[in-house]
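> After the C-alpha cells below, expect a handful of questions from me.
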Amino acid sequence: MTEHQRRRAVERVGPAAKPSSRVRMSAAQRREQLISVARQTFAERGFDATSIEEVAARAKVSKPVVYEHFGGKEGLYAVVVDREVRSLLDRITTALTAGHPRELLEQAALTLLTYIEEETSGFRVLVRESPLMSAAGNFSSVMNDVAHQVEHILGAEFSSRGYDPKLAELYSQALVGMVALTGRWWLEVRRPRKETVAAHLVNLAWNGLSHLEARPGLITSRKPG
C-alpha cells in the first residue's frame with residue numbers, strides 16, 4: 001500500500017476513539033452525591049426556593065434520577081435534615097464528658113461553634129425555617145436533646161447546693177438557648193474566634209450560676225404601684 005493509500009484509509013476510518021474518562025457511579029455513590037449537592041443548595045436557597053431541577057442540574061443528572069432516589073424534594077430535604085440533626089447531636093453528646101459543670105458548658109459551647117465552623121452549610125439547613133420541619137427534625141429539637149442532658153447534671157448540682165432541683169430544666173433550657181442563639185449570630189459575623197466566644201459565653205453563664213439567689217425576685221415587682 002502506498003503512502004497516499006494509507007492516508008486515505010485513515011481518513012475513511014477516522015481517528016481512534018478516546019476511551020471515556022467518566023466513571024459510572026454506583027447507586028450508593030449517586031445517592032451520596034445528590035445528598036451533598038442538595039445540602040449545599042438548601043443551605044444557599046432554602047427549601048421553598050430550591051427545585052429538583054436545580055439539584056439535578058448541579059449534580060449533572062436528569063430529574064428522574066433524583067425522584068428515583070428520594071421520591072421528590074420533600075423526601076430529599078428530609079434526608080438532608082435528618083443527617084444534620086444526627087451529626088450535630090452526635091458531636092455534642094460525644095463532647096459532654098466532663099463531670100464539672102463549668103467544663104460541661106465549655107465543651108457544649110465550643111462543640112457547637114466548631115460544628116458551625118466546619119459544617120456551615122449543614123448548620124444553615126438546620127436553622128432555616130421550613131414547612132416540613134417536624135418536632136423531631138430541626139435545630140430546636142437538637143438543642144432540646146442537649147438541654148435534657150444538661151438538666152441531669154444541673155439537677156445534681158442544684159441539690160448539692162440546696163436549690164430546688166425541679167428548676168434544673170428551666171436553667172438548662174436557658175443556658176443551651178443562650179449558646180444556640182449566640183451560635184446563630186456567630187454564623188454570620190465569625191468574629192471573634194470561636195475559642196473567645198466560648199470563653200465569654202461560659203464567663204456569663206458560670207459566673208452568673210455561681211452567685212445564684214435561692215429565691216430570686218424581680219426588682220420592679222417590689223416597687224409601689
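Residue numbers start at 1 in each chain; chains themselves are named A, B, ... in the order of the C-alpha cells; ligands are numbered from 1 in the order shown.
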Mind checking which residues fall within 12 Å of Glu213 in chain A, counting only C-alpha atoms, ignoring those fewer than 5 positions away in the same chain, and posting them as a PyMOL selection string?
chain A and resi 158+161-164+208+218
> Extract, using only C-alpha atoms, all DNA, RNA and protein residues at most 9 Å from Glu157 in chain A, discarding same-chain residues fewer than 6 positions from it, and format them as a PyMOL selection string.
chain A and resi 101+163+165+168
> Can you work out which one of A:Asp145, A:Glu84, A:Glu44, A:Glu106 has the shortest atom-to-atom distance to Gln173 in chain A, counting only C-alpha atoms?
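Between A:Asp145, A:Glu84, A:Glu44, A:Glu106, the residue approaching Gln173 in chain A most closely is A:Asp145.
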> Report the residues of range 30-186 of chain A whose backbone DSSP state falls under helix (DSSP H, G or I), written as an NGL selection string.
:A and (30-49 or 52-59 or 63-70 or 73-95 or 101-118 or 120-127 or 139-161 or 165-186)
> Show me a table, sorted first by chain and then by increasing residue number, of the residues of range 50-139 of chain A having an atom at most 7 Å from range 32-40 of chain A, each with its shortest atom pair and the distance in Å to one decimal, counting only C-alpha atoms and written as a tab-separated table.

residue	atom	partner	partner_atom	distance
A:Val55	CA	A:Ala38	CA	5.9
A:Arg58	CA	A:Val37	CA	6.9
A:Ala59	CA	A:Leu34	CA	6.4
A:Val80	CA	A:Arg39	CA	6.1
A:Ser121	CA	A:Gln40	CA	5.8
A:Gly122	CA	A:Arg39	CA	6.7
> If you count only C-alpha atoms, which residues fall within 8 Å of Arg184 in chain A, apart from same-chain ones fewer than 4 positions away, as a list in words?
Val127, Ala180 and Glu188 of chain A
> Using N, CA, C and O atoms, can you write the selected residues to a file as a PDB file, in the first residue's frame?

ATOM      1  N   VAL A 127     -31.041  25.690  60.687  1.00  0.00           N
ATOM      2  CA  VAL A 127     -31.651  26.873  61.298  1.00  0.00           C
ATOM      3  C   VAL A 127     -32.633  27.573  60.372  1.00  0.00           C
ATOM      4  O   VAL A 127     -33.351  28.483  60.801  1.00  0.00           O
ATOM      5  N   ALA A 180     -27.053  28.552  71.753  1.00  0.00           N
ATOM      6  CA  ALA A 180     -27.570  28.337  70.404  1.00  0.00           C
ATOM      7  C   ALA A 180     -27.785  29.656  69.673  1.00  0.00           C
ATOM      8  O   ALA A 180     -27.425  29.797  68.496  1.00  0.00           O
ATOM      9  N   GLU A 188     -22.801  34.347  61.105  1.00  0.00           N
ATOM     10  CA  GLU A 188     -22.699  35.421  60.119  1.00  0.00           C
ATOM     11  C   GLU A 188     -21.473  36.308  60.316  1.00  0.00           C
ATOM     12  O   GLU A 188     -20.846  36.733  59.353  1.00  0.00           O
TER      13      GLU A 188
END
> Between A:Arg31, A:Arg128, A:Arg102, A:Lys166, which has the minimum distance to Leu204 in chain A (counting only C-alpha atoms)?
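Going through A:Arg31, A:Arg128, A:Arg102, A:Lys166 one by one, the smallest distance to Leu204 in chain A is for A:Arg102.
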> Work out how far apart CA of Thr50 in chain A and CA of Leu88 in chain A are and give it in Å to one decimal.
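Distance between the two atoms: 23.3 Å.
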> When you look at Glu117 in chain A with a cut-off of 9 Å (counting only C-alpha atoms), what residues show up, excluding the ones that are within fewer than 3 positions of it in the same chain? I need them as a list in words.
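The filter keeps Leu112, Leu113, Thr114, Thr120, Leu187, Arg190 and Lys194 of chain A.
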> Produce a file of the selected residues containing N, CA and C atoms, as a compact mmCIF listing (two decimals), in the first residue's frame.

# COMPACT_ATOMS: atom_id res chain seq x y z
N LEU A 112 -20.51 23.30 69.55
CA LEU A 112 -21.47 23.92 68.64
C LEU A 112 -20.78 24.89 67.69
N LEU A 113 -19.88 25.71 68.22
CA LEU A 113 -19.18 26.68 67.38
C LEU A 113 -18.28 25.97 66.36
N THR A 114 -17.68 24.86 66.76
CA THR A 114 -16.85 24.09 65.83
C THR A 114 -17.69 23.49 64.72
N THR A 120 -20.76 24.56 57.90
CA THR A 120 -21.58 25.76 57.77
C THR A 120 -22.86 25.50 56.99
N LEU A 187 -22.47 32.66 63.27
CA LEU A 187 -22.50 32.09 61.92
C LEU A 187 -22.27 33.17 60.87
N ARG A 190 -18.57 35.70 62.40
CA ARG A 190 -17.32 34.93 62.50
C ARG A 190 -16.19 35.67 63.23
N LYS A 194 -13.72 31.42 67.67
CA LYS A 194 -14.68 30.60 68.41
C LYS A 194 -14.26 30.37 69.87
> Near His69 in chain A, counting only C-alpha atoms, which residues have an atom at most 9 Å away, once you skip same-chain residues fewer than 5 positions from it, shown as a list in words?
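Answer for this query is Ala27, Arg30, Arg31, Leu34, Pro64, Gly75 and Leu76 of chain A.
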> Just the number, please: distance in Å from CA of Phe123 in chain A to CA of Phe139 in chain A, one decimal.
8.3 Å
